[in-house]
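Asks: This is the content of upload.cif (mmCIF, C-alpha atoms):
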data_data
loop_
_atom_site.group_PDB
_atom_site.id
_atom_site.type_symbol
_atom_site.label_atom_id
_atom_site.label_comp_id
_atom_site.auth_asym_id
_atom_site.auth_seq_id
_atom_site.Cartn_x
_atom_site.Cartn_y
_atom_site.Cartn_z
ATOM 1 C CA MET A 11 37.026 38.570 106.020
ATOM 2 C CA GLN A 12 37.437 41.711 108.088
ATOM 3 C CA ILE A 13 34.675 43.547 106.181
ATOM 4 C CA LEU A 14 31.334 41.742 106.048
ATOM 5 C CA PRO A 15 28.198 42.601 104.091
ATOM 6 C CA VAL A 16 25.880 44.532 106.404
ATOM 7 C CA VAL A 17 22.091 44.408 106.751
ATOM 8 C CA ASP A 18 20.333 47.062 108.835
ATOM 9 C CA LEU A 19 17.132 45.874 110.502
ATOM 10 C CA ALA A 20 16.172 49.465 111.264
ATOM 11 C CA ALA A 21 15.245 49.672 107.585
ATOM 12 C CA LEU A 22 12.038 47.764 108.323
ATOM 13 C CA ASP A 23 10.660 50.975 109.847
ATOM 14 C CA ALA A 24 11.759 53.082 106.862
ATOM 15 C CA PRO A 25 9.925 53.923 103.608
ATOM 16 C CA ALA A 26 9.224 51.107 101.155
ATOM 17 C CA ALA A 27 12.171 51.893 98.888
ATOM 18 C CA ARG A 28 14.617 51.558 101.782
ATOM 19 C CA VAL A 29 13.048 48.241 102.854
ATOM 20 C CA ALA A 30 13.313 46.894 99.301
ATOM 21 C CA ALA A 31 16.957 47.963 99.082
ATOM 22 C CA GLU A 32 17.795 46.230 102.358
ATOM 23 C CA ALA A 33 16.014 43.040 101.249
ATOM 24 C CA ALA A 34 18.025 43.072 98.021
ATOM 25 C CA ARG A 35 21.224 43.585 100.015
ATOM 26 C CA LEU A 36 20.413 40.552 102.170
ATOM 27 C CA ASP A 37 19.656 38.434 99.111
ATOM 28 C CA ARG A 38 22.923 39.394 97.426
ATOM 29 C CA ALA A 39 24.989 38.668 100.543
ATOM 30 C CA CYS A 40 23.344 35.274 101.105
ATOM 31 C CA ARG A 41 23.839 34.258 97.461
ATOM 32 C CA GLU A 42 27.434 35.435 97.196
ATOM 33 C CA VAL A 43 28.965 35.196 100.682
ATOM 34 C CA GLY A 44 26.616 33.303 103.024
ATOM 35 C CA VAL A 45 27.444 35.464 106.028
ATOM 36 C CA VAL A 46 26.231 38.954 106.943
ATOM 37 C CA GLU A 47 26.624 41.346 109.851
ATOM 38 C CA VAL A 48 23.289 42.415 111.350
ATOM 39 C CA VAL A 49 23.053 45.974 112.657
ATOM 40 C CA GLY A 50 20.122 47.965 113.966
ATOM 41 C CA HIS A 51 19.093 44.876 115.950
ATOM 42 C CA GLY A 52 18.307 46.640 119.230
ATOM 43 C CA VAL A 53 19.827 43.999 121.515
ATOM 44 C CA PRO A 54 21.087 45.812 124.642
ATOM 45 C CA ILE A 55 24.859 45.557 124.984
ATOM 46 C CA GLU A 56 24.370 45.263 128.745
ATOM 47 C CA LEU A 57 22.416 42.046 128.196
ATOM 48 C CA CYS A 58 25.202 40.683 125.977
ATOM 49 C CA HIS A 59 27.776 41.272 128.711
ATOM 50 C CA GLU A 60 25.424 39.835 131.331
ATOM 51 C CA ILE A 61 24.762 36.585 129.481
ATOM 52 C CA PHE A 62 28.471 36.030 128.858
ATOM 53 C CA ALA A 63 29.199 36.618 132.542
ATOM 54 C CA VAL A 64 26.527 34.234 133.837
ATOM 55 C CA THR A 65 27.400 31.612 131.227
ATOM 56 C CA ARG A 66 31.114 31.777 132.038
ATOM 57 C CA ALA A 67 30.209 31.272 135.717
ATOM 58 C CA PHE A 68 28.232 28.159 134.774
ATOM 59 C CA PHE A 69 31.031 26.632 132.715
ATOM 60 C CA ALA A 70 33.447 27.274 135.620
ATOM 61 C CA LEU A 71 31.443 24.924 137.875
ATOM 62 C CA PRO A 72 32.833 21.457 138.670
ATOM 63 C CA PRO A 73 31.979 18.839 136.013
ATOM 64 C CA GLU A 74 29.923 16.806 138.480
ATOM 65 C CA GLU A 75 27.708 19.824 139.164
ATOM 66 C CA LYS A 76 27.222 20.597 135.463
ATOM 67 C CA ALA A 77 26.400 16.919 134.902
ATOM 68 C CA ARG A 78 23.222 17.388 136.971
ATOM 69 C CA VAL A 79 21.801 19.242 133.972
ATOM 70 C CA ALA A 80 23.300 16.961 131.334
ATOM 71 C CA GLN A 81 21.643 16.520 127.954
ATOM 72 C CA PRO A 82 18.982 13.806 128.505
ATOM 73 C CA GLU A 83 19.134 12.061 125.095
ATOM 74 C CA PRO A 84 21.301 12.294 121.950
ATOM 75 C CA ASP A 85 18.463 13.937 119.993
ATOM 76 C CA GLN A 86 17.130 16.195 122.775
ATOM 77 C CA VAL A 87 18.963 19.492 122.447
ATOM 78 C CA ARG A 88 18.703 20.656 126.040
ATOM 79 C CA GLY A 89 21.177 20.982 128.889
ATOM 80 C CA TRP A 90 24.936 20.556 129.183
ATOM 81 C CA ALA A 91 27.381 18.349 127.303
ATOM 82 C CA GLY A 92 31.074 18.145 128.085
ATOM 83 C CA VAL A 93 34.230 18.410 126.023
ATOM 84 C CA GLY A 94 34.480 15.660 123.432
ATOM 85 C CA SER A 95 30.758 14.893 123.379
ATOM 86 C CA GLU A 96 30.315 15.869 119.720
ATOM 87 C CA GLY A 97 32.016 15.473 116.375
ATOM 88 C CA ILE A 98 30.117 18.101 114.451
ATOM 89 C CA ALA A 99 31.756 17.308 111.108
ATOM 90 C CA TYR A 100 29.856 14.005 111.200
ATOM 91 C CA SER A 101 26.698 15.957 110.340
ATOM 92 C CA LEU A 102 28.240 16.160 106.853
ATOM 93 C CA ASP A 103 29.363 12.506 106.987
ATOM 94 C CA GLU A 104 32.973 13.626 107.502
ATOM 95 C CA GLU A 105 35.037 11.814 110.124
ATOM 96 C CA SER A 106 36.977 13.904 112.623
ATOM 97 C CA PRO A 107 38.220 13.752 116.219
ATOM 98 C CA ALA A 108 35.859 14.970 118.928
ATOM 99 C CA ASP A 109 35.421 18.734 119.089
ATOM 100 C CA LEU A 110 37.269 20.682 121.792
ATOM 101 C CA LYS A 111 34.236 22.361 123.308
ATOM 102 C CA GLU A 112 31.525 22.035 125.907
ATOM 103 C CA LYS A 113 28.055 23.459 125.488
ATOM 104 C CA MET A 114 24.759 24.384 127.104
ATOM 105 C CA ASP A 115 21.462 24.401 125.169
ATOM 106 C CA MET A 116 17.951 25.728 125.617
ATOM 107 C CA GLY A 117 14.808 25.766 123.508
ATOM 108 C CA PRO A 118 11.867 28.182 123.545
ATOM 109 C CA PRO A 119 11.381 29.771 126.991
ATOM 110 C CA HIS A 120 8.844 28.281 129.339
ATOM 111 C CA GLY A 121 5.538 30.067 129.338
ATOM 112 C CA ARG A 122 5.737 30.972 125.656
ATOM 113 C CA ASP A 123 3.168 28.345 124.711
ATOM 114 C CA PRO A 124 0.516 27.241 127.244
ATOM 115 C CA LEU A 125 -0.509 24.279 125.074
ATOM 116 C CA PRO A 126 1.082 20.863 125.641
ATOM 117 C CA PRO A 127 3.442 19.668 122.884
ATOM 118 C CA PRO A 128 1.685 17.703 120.129
ATOM 119 C CA PRO A 129 2.278 13.932 120.319
ATOM 120 C CA ASP A 130 4.320 13.963 117.106
ATOM 121 C CA ALA A 131 6.636 16.797 118.209
ATOM 122 C CA GLY A 132 9.219 14.310 119.459
ATOM 123 C CA PRO A 133 12.123 15.925 121.361
ATOM 124 C CA HIS A 134 11.783 19.333 119.733
ATOM 125 C CA LEU A 135 9.484 21.035 122.264
ATOM 126 C CA ALA A 136 10.984 19.485 125.395
ATOM 127 C CA GLY A 137 11.274 21.638 128.498
ATOM 128 C CA ASN A 138 14.493 23.408 129.377
ATOM 129 C CA ILE A 139 16.927 22.234 132.041
ATOM 130 C CA TRP A 140 18.486 24.793 134.375
ATOM 131 C CA PRO A 141 21.246 24.514 137.000
ATOM 132 C CA GLU A 142 20.766 25.678 140.572
ATOM 133 C CA ARG A 143 23.569 28.148 140.078
ATOM 134 C CA PRO A 144 24.627 30.670 139.006
ATOM 135 C CA ALA A 145 21.600 32.591 140.196
ATOM 136 C CA GLY A 146 19.573 34.265 137.458
ATOM 137 C CA MET A 147 20.905 32.161 134.597
ATOM 138 C CA ALA A 148 17.467 31.118 133.328
ATOM 139 C CA GLU A 149 16.119 34.679 133.401
ATOM 140 C CA THR A 150 19.127 36.067 131.525
ATOM 141 C CA TRP A 151 19.054 33.320 128.911
ATOM 142 C CA ASN A 152 15.297 33.683 128.407
ATOM 143 C CA ALA A 153 15.667 37.424 127.862
ATOM 144 C CA TYR A 154 18.473 36.928 125.343
ATOM 145 C CA TYR A 155 16.557 34.156 123.542
ATOM 146 C CA ARG A 156 13.563 36.448 123.057
ATOM 147 C CA HIS A 157 15.766 39.142 121.543
ATOM 148 C CA MET A 158 17.339 36.615 119.171
ATOM 149 C CA ALA A 159 13.908 35.328 118.126
ATOM 150 C CA ARG A 160 12.887 38.919 117.380
ATOM 151 C CA VAL A 161 16.030 39.526 115.309
ATOM 152 C CA ALA A 162 15.522 36.265 113.408
ATOM 153 C CA SER A 163 11.894 37.191 112.712
ATOM 154 C CA ALA A 164 12.996 40.512 111.227
ATOM 155 C CA LEU A 165 15.542 38.714 109.025
ATOM 156 C CA MET A 166 12.850 36.288 107.868
ATOM 157 C CA GLU A 167 10.611 39.225 106.907
ATOM 158 C CA LEU A 168 13.432 40.701 104.821
ATOM 159 C CA THR A 169 14.037 37.245 103.351
ATOM 160 C CA ALA A 170 10.404 36.895 102.272
ATOM 161 C CA ARG A 171 10.538 40.300 100.619
ATOM 162 C CA SER A 172 13.758 39.392 98.812
ATOM 163 C CA PHE A 173 12.064 36.248 97.427
ATOM 164 C CA GLY A 174 9.100 38.284 96.159
ATOM 165 C CA LEU A 175 6.817 36.756 98.796
ATOM 166 C CA PRO A 176 4.468 38.539 101.235
ATOM 167 C CA PRO A 177 6.363 40.006 104.234
ATOM 168 C CA ASP A 178 4.557 37.679 106.653
ATOM 169 C CA PHE A 179 5.016 34.579 104.471
ATOM 170 C CA PHE A 180 7.085 32.686 107.062
ATOM 171 C CA ALA A 181 5.156 33.841 110.143
ATOM 172 C CA ALA A 182 2.742 30.890 110.142
ATOM 173 C CA THR A 183 5.650 28.452 110.293
ATOM 174 C CA TYR A 184 7.076 30.033 113.462
ATOM 175 C CA ASP A 185 4.153 30.012 115.893
ATOM 176 C CA ARG A 186 5.664 26.926 117.596
ATOM 177 C CA SER A 187 9.226 27.119 116.366
ATOM 178 C CA ILE A 188 11.975 24.772 117.502
ATOM 179 C CA SER A 189 14.741 27.384 117.593
ATOM 180 C CA MET A 190 17.573 26.900 120.064
ATOM 181 C CA LEU A 191 20.097 29.016 121.958
ATOM 182 C CA ARG A 192 23.502 27.461 122.594
ATOM 183 C CA ALA A 193 26.482 28.652 124.596
ATOM 184 C CA LEU A 194 29.790 27.159 123.525
ATOM 185 C CA HIS A 195 32.840 27.154 125.759
ATOM 186 C CA TYR A 196 36.217 26.403 124.224
ATOM 187 C CA PRO A 197 38.556 25.570 127.128
ATOM 188 C CA ASP A 198 42.250 26.256 127.499
ATOM 189 C CA GLN A 199 44.487 23.954 125.490
ATOM 190 C CA PRO A 200 47.512 23.171 127.657
ATOM 191 C CA GLU A 201 48.301 20.265 125.331
ATOM 192 C CA ALA A 202 48.358 20.332 121.544
ATOM 193 C CA PRO A 203 45.147 19.020 119.873
ATOM 194 C CA LEU A 204 45.083 15.772 117.952
ATOM 195 C CA ARG A 205 45.770 15.866 114.242
ATOM 196 C CA GLY A 206 42.723 17.441 112.587
ATOM 197 C CA GLN A 207 41.056 18.267 115.919
ATOM 198 C CA MET A 208 39.456 21.705 116.241
ATOM 199 C CA ARG A 209 37.191 23.584 118.570
ATOM 200 C CA ALA A 210 34.510 22.741 116.008
ATOM 201 C CA GLY A 211 35.114 20.850 112.778
ATOM 202 C CA ALA A 212 33.916 22.058 109.403
ATOM 203 C CA HIS A 213 30.124 21.934 109.113
ATOM 204 C CA THR A 214 27.000 23.729 108.025
ATOM 205 C CA ASP A 215 24.160 24.608 110.386
ATOM 206 C CA TYR A 216 20.774 22.998 110.023
ATOM 207 C CA GLY A 217 18.124 25.714 110.215
ATOM 208 C CA THR A 218 17.556 29.073 108.521
ATOM 209 C CA PHE A 219 19.863 31.681 110.068
ATOM 210 C CA THR A 220 22.397 31.105 112.816
ATOM 211 C CA LEU A 221 22.948 34.304 114.818
ATOM 212 C CA VAL A 222 26.390 34.388 116.413
ATOM 213 C CA THR A 223 28.194 36.657 118.854
ATOM 214 C CA ALA A 224 31.257 35.944 120.958
ATOM 215 C CA GLU A 225 33.735 37.127 123.512
ATOM 216 C CA ASP A 226 36.597 39.075 122.016
ATOM 217 C CA ARG A 227 39.227 36.352 122.466
ATOM 218 C CA PRO A 228 41.627 34.417 120.215
ATOM 219 C CA GLY A 229 40.604 31.342 118.271
ATOM 220 C CA GLY A 230 37.611 31.915 116.116
ATOM 221 C CA LEU A 231 35.080 31.437 113.486
ATOM 222 C CA GLU A 232 36.127 30.866 109.885
ATOM 223 C CA VAL A 233 33.932 30.541 106.791
ATOM 224 C CA LEU A 234 34.802 28.995 103.447
ATOM 225 C CA ASP A 235 34.533 31.749 100.862
ATOM 226 C CA ALA A 236 33.754 31.480 97.162
ATOM 227 C CA SER A 237 37.440 31.183 96.275
ATOM 228 C CA GLY A 238 37.815 28.107 98.491
ATOM 229 C CA THR A 239 39.740 30.024 101.156
ATOM 230 C CA TRP A 240 39.001 29.878 104.874
ATOM 231 C CA SER A 241 38.439 33.445 106.078
ATOM 232 C CA ALA A 242 38.246 34.620 109.681
ATOM 233 C CA VAL A 243 35.029 36.294 110.850
ATOM 234 C CA PRO A 244 35.692 38.844 113.615
ATOM 235 C CA LEU A 245 33.299 38.705 116.552
ATOM 236 C CA ALA A 246 32.754 40.695 119.733
ATOM 237 C CA PRO A 247 29.979 40.957 122.334
ATOM 238 C CA GLY A 248 26.952 42.579 120.729
ATOM 239 C CA ARG A 249 28.257 42.184 117.178
ATOM 240 C CA ILE A 250 25.758 39.795 115.581
ATOM 241 C CA VAL A 251 26.697 37.800 112.507
ATOM 242 C CA ALA A 252 24.158 35.689 110.598
ATOM 243 C CA LEU A 253 25.137 32.501 108.750
ATOM 244 C CA VAL A 254 22.941 30.794 106.151
ATOM 245 C CA GLY A 255 21.733 27.307 107.149
ATOM 246 C CA ASP A 256 20.658 24.147 105.368
ATOM 247 C CA LEU A 257 16.939 24.925 105.246
ATOM 248 C CA PHE A 258 17.547 27.898 102.991
ATOM 249 C CA ALA A 259 19.585 25.718 100.645
ATOM 250 C CA GLU A 260 16.578 23.381 100.439
ATOM 251 C CA TRP A 261 13.974 26.140 100.141
ATOM 252 C CA THR A 262 15.890 28.041 97.442
ATOM 253 C CA ALA A 263 17.198 25.075 95.405
ATOM 254 C CA ASP A 264 20.728 26.104 96.440
ATOM 255 C CA ALA A 265 20.375 29.717 95.333
ATOM 256 C CA TRP A 266 21.287 30.435 98.963
ATOM 257 C CA THR A 267 23.858 27.791 99.852
ATOM 258 C CA SER A 268 24.642 26.711 103.405
ATOM 259 C CA THR A 269 27.661 28.458 104.886
ATOM 260 C CA LEU A 270 30.475 25.986 105.554
ATOM 261 C CA HIS A 271 32.298 27.116 108.674
ATOM 262 C CA ARG A 272 34.534 25.900 111.483
ATOM 263 C CA VAL A 273 36.107 27.110 114.732
ATOM 264 C CA VAL A 274 39.873 26.840 114.610
ATOM 265 C CA ASN A 275 42.343 26.485 117.447
ATOM 266 C CA PRO A 276 44.263 29.626 118.417
ATOM 267 C CA PRO A 277 48.043 29.752 118.154
ATOM 268 C CA ARG A 278 49.730 27.722 120.916
ATOM 269 C CA THR A 279 50.887 30.930 122.606
ATOM 270 C CA LEU A 280 47.274 32.169 122.732
ATOM 271 C CA ALA A 281 45.394 28.925 123.491
ATOM 272 C CA LEU A 282 43.138 30.598 126.030
ATOM 273 C CA ASP A 283 39.530 29.733 126.726
ATOM 274 C CA SER A 284 36.694 31.606 125.039
ATOM 275 C CA SER A 285 32.911 31.514 124.805
ATOM 276 C CA ARG A 286 30.392 32.004 122.015
ATOM 277 C CA LEU A 287 26.614 32.263 121.738
ATOM 278 C CA ALA A 288 24.724 30.842 118.777
ATOM 279 C CA PHE A 289 20.989 31.144 118.158
ATOM 280 C CA TYR A 290 19.809 28.502 115.675
ATOM 281 C CA ASP A 291 16.621 29.683 114.020
ATOM 282 C CA HIS A 292 14.275 26.826 113.095
ATOM 283 C CA PRO A 293 10.638 26.926 111.969
ATOM 284 C CA ASN A 294 7.958 24.674 113.431
ATOM 285 C CA TYR A 295 8.923 21.005 113.686
ATOM 286 C CA ASP A 296 6.300 20.094 111.040
ATOM 287 C CA ALA A 297 7.241 22.833 108.523
ATOM 288 C CA ARG A 298 7.860 21.323 105.060
ATOM 289 C CA VAL A 299 11.426 21.367 103.759
ATOM 290 C CA ASP A 300 10.510 21.851 100.118
ATOM 291 C CA VAL A 301 11.597 24.143 97.276
ATOM 292 C CA LEU A 302 9.667 27.401 97.497
ATOM 293 C CA GLU A 303 7.548 28.442 94.533
ATOM 294 C CA PRO A 304 9.821 31.299 93.327
ATOM 295 C CA PHE A 305 12.687 28.804 92.922
ATOM 296 C CA ARG A 306 10.879 25.932 91.225
ATOM 297 C CA ASP A 307 11.423 24.939 87.611
ATOM 298 C CA GLU A 308 11.435 21.709 85.647
ATOM 299 C CA ALA A 309 14.797 20.792 87.206
ATOM 300 C CA TRP A 310 13.442 21.119 90.750
ATOM 301 C CA PRO A 311 10.072 19.358 90.948
ATOM 302 C CA SER A 312 8.390 19.225 94.307
ATOM 303 C CA PRO A 313 9.208 15.917 96.025
ATOM 304 C CA GLY A 314 6.339 13.602 96.836
ATOM 305 C CA GLN A 315 6.925 13.594 100.587
ATOM 306 C CA PRO A 316 9.289 16.401 101.624
ATOM 307 C CA LEU A 317 11.172 16.150 104.880
ATOM 308 C CA THR A 318 9.959 18.198 107.819
ATOM 309 C CA SER A 319 12.038 20.734 109.719
ATOM 310 C CA GLY A 320 11.981 18.561 112.842
ATOM 311 C CA GLU A 321 13.085 15.350 111.160
ATOM 312 C CA HIS A 322 15.787 17.205 109.240
ATOM 313 C CA LEU A 323 17.145 18.627 112.507
ATOM 314 C CA ARG A 324 16.932 15.321 114.362
ATOM 315 C CA GLN A 325 18.815 13.373 111.692
ATOM 316 C CA LYS A 326 21.629 15.919 111.519
ATOM 317 C CA TYR A 327 21.954 16.252 115.278
ATOM 318 C CA LEU A 328 22.054 12.511 115.852
ATOM 319 C CA ARG A 329 24.976 12.167 113.473
ATOM 320 C CA GLN A 330 27.089 14.703 115.352
ATOM 321 C CA THR A 331 26.266 13.436 118.863
ATOM 322 C CA THR A 332 26.767 9.763 117.973
ATOM 323 C CA PHE A 333 29.834 10.345 115.758
ATOM 324 C CA GLY A 334 28.139 9.179 112.593
ATOM 325 C CA ARG A 335 26.272 6.097 113.843
ATOM 326 C CA ARG A 336 23.206 5.712 111.618
ATOM 327 C CA ASP A 337 21.598 3.176 113.964
ATOM 328 C CA ALA A 338 21.601 5.516 116.976
ATOM 329 C CA ASP A 339 17.837 5.999 116.945
ATOM 330 C CA ARG A 340 16.888 2.408 116.280
#
So that I can check it, write out the structure of this file as structure tokens.
Replies:
Amino acid sequence: MQILPVVDLAALDAPAARVAAEAARLDRACREVGVVEVVGHGVPIELCHEIFAVTRAFFALPPEEKARVAQPEPDQVRGWAGVGSEGIAYSLDEESPADLKEKMDMGPPHGRDPLPPPPDAGPHLAGNIWPERPAGMAETWNAYYRHMARVASALMELTARSFGLPPDFFAATYDRSISMLRALHYPDQPEAPLRGQMRAGAHTDYGTFTLVTAEDRPGGLEVLDASGTWSAVPLAPGRIVALVGDLFAEWTADAWTSTLHRVVNPPRTLALDSSRLAFYDHPNYDARVDVLEPFRDEAWPSPGQPLTSGEHLRQKYLRQTTFGRRDADR
């Protein structure tokens, strides 16, 4: 998939007809393809290079030093986790060997919300965990997170318009969002992977949009297209690609389906390391995961007690970090 559908966020500052056309373009891409390139996003390319540099320096640290900022609990998406710590295909109840990646996670930057987390927020508003080195990592990550949150907000405005809803329809569900920024490092592969083992097994993401960019290195992202074929998605620093997540499938009664994707191993002659950044956009932990009004009919009645965004995320994440154990939180 060398040519992706494109959505231009600069259209939000254009006349109404241009905004409507861009919203329709987003809707068509999310219904038909499930992946779109985002341009006009205004993220400085210098910041993209800087965050890759500081993140690569972190992943190059000795394992015992990275372990000082290890993920505290299976459902608390903060800090570092080493190679083999996840089997992401288990989020879809599919068995697979452990993924060939390590990762570092953060949530909303400190200082964004002066209020203490509500008692029922669970792990979703936990504080971030930062290493002592490399210097400036927290500042760089915080700056990049804020840009991604801005880009996601613009996409959500276009989404609301495409659904025939007010432009600010989703704003009230993002004042205490549980979005996350993750760096993924896929190490060298001096030995051949196990049968069926990938850098990341086939899965869908759990929120609204996942915003992805990556180093320009071999071994990459693939999406399952409408014909049932796995197609490569080209990535490079500063090139932002948005994937549709599970919450949109729920909100739209599958009019926008989740994008099934994976990260394949490069050819043995090119099994070099590479890094990727993924921003997982999630509304507030207590936002209702229910079919939105424009998509309701007699076949999709509103459930009595819809799941919340936070519980949806927690259940999915526990499955991948515990390799499918359903009793992990008991």
Asks: Which of these residues is nearest to Leu110 of chain A, using all atoms listed in the file: A:Glu201, A:Glu47, A:Glu32, A:Glu142?
Replies: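 Closest residue, counting all atoms listed in the file: A:Glu201.
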Asks: Counting only C-alpha atoms, figure out which residue out of A:Leu194, A:His51, A:Ala202, A:His271 gets nearest to Thr239 of chain A.
Replies: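 Smallest distance to Thr239 of chain A is found for A:His271.
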Asks: Have a look at A:Val222, A:Ala63, A:Met114, A:Ala34 and name the one nearest to Leu287 of chain A; count only C-alpha atoms.
Replies: A:Val222
Asks: Between A:Val233, A:Leu57, A:Ala21, A:Ala182, which has the minimum distance to Pro247 of chain A (counting all atoms listed in the file)?
Replies: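 The shortest atom-to-atom distance to Pro247 of chain A comes from A:Leu57.
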Asks: Name every residue that the PyMOL selection byres ((chain A and resi 87) around 9) selects in this structure, writing the answer as a list in words with chains first and numbers rising.
Replies: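 Selected by the PyMOL selection byres ((chain A and resi 87) around 9) here: Gln81, Pro82, Glu83, Pro84, Asp85, Gln86, Arg88, Gly89, Met114, Asp115, Met116, Gly117, Pro133, His134, Ala136, Met190 and Tyr327 of chain A.
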Asks: Please provide the set of residues having any atom within 7 Å of Val254 of chain A, restricted to only C-alpha atoms, with same-chain residues fewer than 5 positions apart removed, written as a PDB file with C-alpha atoms, in the frame of the given file.
Replies:
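File around.pdb, as written:
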ATOM      1  CA  CYS A  40      23.344  35.274 101.105  1.00  0.00           C
ATOM      2  CA  GLY A  44      26.616  33.303 103.024  1.00  0.00           C
ATOM      3  CA  VAL A  45      27.444  35.464 106.028  1.00  0.00           C
ATOM      4  CA  THR A 218      17.556  29.073 108.521  1.00  0.00           C
ATOM      5  CA  PHE A 219      19.863  31.681 110.068  1.00  0.00           C
ATOM      6  CA  THR A 220      22.397  31.105 112.816  1.00  0.00           C
ATOM      7  CA  SER A 268      24.642  26.711 103.405  1.00  0.00           C
ATOM      8  CA  THR A 269      27.661  28.458 104.886  1.00  0.00           C
TER       9      THR A 269
END
Asks: Rounded to one decimal in Å, what is the spacing between atom CA of Ala265 of chain A and atom CA of Pro15 of chain A?
Replies: 17.4 Å
Asks: So what does the PyMOL selection byres ((chain A and resi 288-304) around 8) actually pick up in this one, as JSON, numbers by chain?
Replies: {"A": [131, 134, 155, 158, 159, 162, 173, 174, 183, 184, 185, 186, 187, 188, 189, 190, 191, 192, 193, 194, 215, 216, 217, 218, 219, 220, 221, 222, 223, 257, 260, 261, 262, 263, 286, 287, 305, 306, 310, 312, 313, 316, 317, 318, 319, 320, 321]}
Asks: Exactly which residues make up the result of the PyMOL selection byres ((chain A and resi 273-285) around 8) on this file, given as a list in words?
Replies: Phe62, Arg66, Ala193, Leu194, His195, Tyr196, Pro197, Asp198, Gln199, Pro200, Ala202, Met208, Arg209, Ala210, Gly211, Ala212, Ala224, Glu225, Arg227, Pro228, Gly229, Gly230, Leu231, Glu232, His271, Arg272, Arg286 and Leu287 of chain A
Asks: Find the residues around Met166 of chain A up to 9 Å (all atoms listed in the file counted), leave out those fewer than 4 positions away in its own chain, and share them as a PyMOL selection string.
Replies: chain A and resi 161-162+170-171+177-181+218-219
Asks: Which centre and edge lengths in Å to one decimal define the box along x, y and z that fits every listed atom of segment 299-302 of chain A plus 5 Å per side, as JSON?
Replies:
{"center_x": 10.6, "center_y": 24.4, "center_z": 100.5, "size_x": 11.9, "size_y": 16.0, "size_z": 16.5}
Asks: Between A:Ala252, A:Leu245, A:Leu14, A:Ile61, which is the closest to Ala145 of chain A once you count all atoms listed in the file?
Replies: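 Checking each of A:Ala252, A:Leu245, A:Leu14, A:Ile61 against Ala145 of chain A, counting all atoms listed in the file, the winner is A:Ile61.
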Asks: Name the residues, using the chain letters and numbers of the file, that sit within 9 Å of (12.9, 29.8, 126.9) when counting all atoms listed in the file, and give them as a count of residues only.
Replies: 18
Asks: Just the number, please: distance in Å from atom CA of Val43 of chain A to atom CA of Ile13 of chain A, one decimal.
Replies: 11.5 Å
Asks: By how many Å are atom CA of Asp256 of chain A and atom CA of Leu36 of chain A apart?
Replies: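 We find that atom CA of Asp256 of chain A and atom CA of Leu36 of chain A lie 16.7 Å from each other.
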Asks: Rank A:Asp130, A:Asp109, A:Asp264, A:Glu56 by their smallest atom-to-atom distance to His213 of chain A, using all atoms listed in the file, and report the top residue only.
Replies: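 Closest to His213 of chain A, using all atoms listed in the file: A:Asp109.
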Asks: Please tabulate, as a Markdown table, the residues of segment 106-224 of chain A that come within 9 Å of segment 68-78 of chain A, each with its closest pair of atoms and the distance in Å to one decimal, counting all atoms listed in the file and ordering rows by chain, then residue number upward.
Replies:
| residue | atom | partner | partner_atom | distance |
| --- | --- | --- | --- | --- |
| A:Glu112 | CA | A:Phe69 | CA | 8.2 |
| A:Lys113 | CA | A:Phe69 | CA | 8.4 |
| A:Met114 | CA | A:Phe69 | CA | 8.7 |
| A:Pro141 | CA | A:Lys76 | CA | 7.3 |
| A:Arg143 | CA | A:Phe68 | CA | 7.1 |
| A:Pro144 | CA | A:Phe68 | CA | 6.1 |
| A:Met147 | CA | A:Phe68 | CA | 8.4 |
| A:His195 | CA | A:Phe69 | CA | 7.2 |
Asks: Can you put N, CA and C atoms back into segment 214-222 of chain A and show it as a CSV table (one decimal), in the coordinates of the input?
Replies:
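Saved file rebuild29.csv follows:
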chain,number,residue,atom,x,y,z
A,214,THR,N,28.0,22.7,108.3
A,214,THR,CA,27.0,23.7,108.0
A,214,THR,C,26.0,23.6,109.2
A,215,ASP,N,25.2,24.7,109.4
A,215,ASP,CA,24.2,24.6,110.4
A,215,ASP,C,22.9,24.2,109.7
A,216,TYR,N,21.9,23.8,110.5
A,216,TYR,CA,20.8,23.0,110.0
A,216,TYR,C,19.5,23.8,109.8
A,217,GLY,N,19.4,25.0,110.3
A,217,GLY,CA,18.1,25.7,110.2
A,217,GLY,C,18.1,26.8,109.1
A,218,THR,N,17.6,28.0,109.5
A,218,THR,CA,17.6,29.1,108.5
A,218,THR,C,18.8,29.9,108.8
A,219,PHE,N,18.7,30.9,109.7
A,219,PHE,CA,19.9,31.7,110.1
A,219,PHE,C,20.4,31.2,111.4
A,220,THR,N,21.7,31.2,111.5
A,220,THR,CA,22.4,31.1,112.8
A,220,THR,C,22.9,32.5,113.2
A,221,LEU,N,22.5,33.0,114.4
A,221,LEU,CA,22.9,34.3,114.8
A,221,LEU,C,24.0,34.1,115.9
A,222,VAL,N,25.2,34.7,115.6
A,222,VAL,CA,26.4,34.4,116.4
A,222,VAL,C,27.0,35.7,117.0
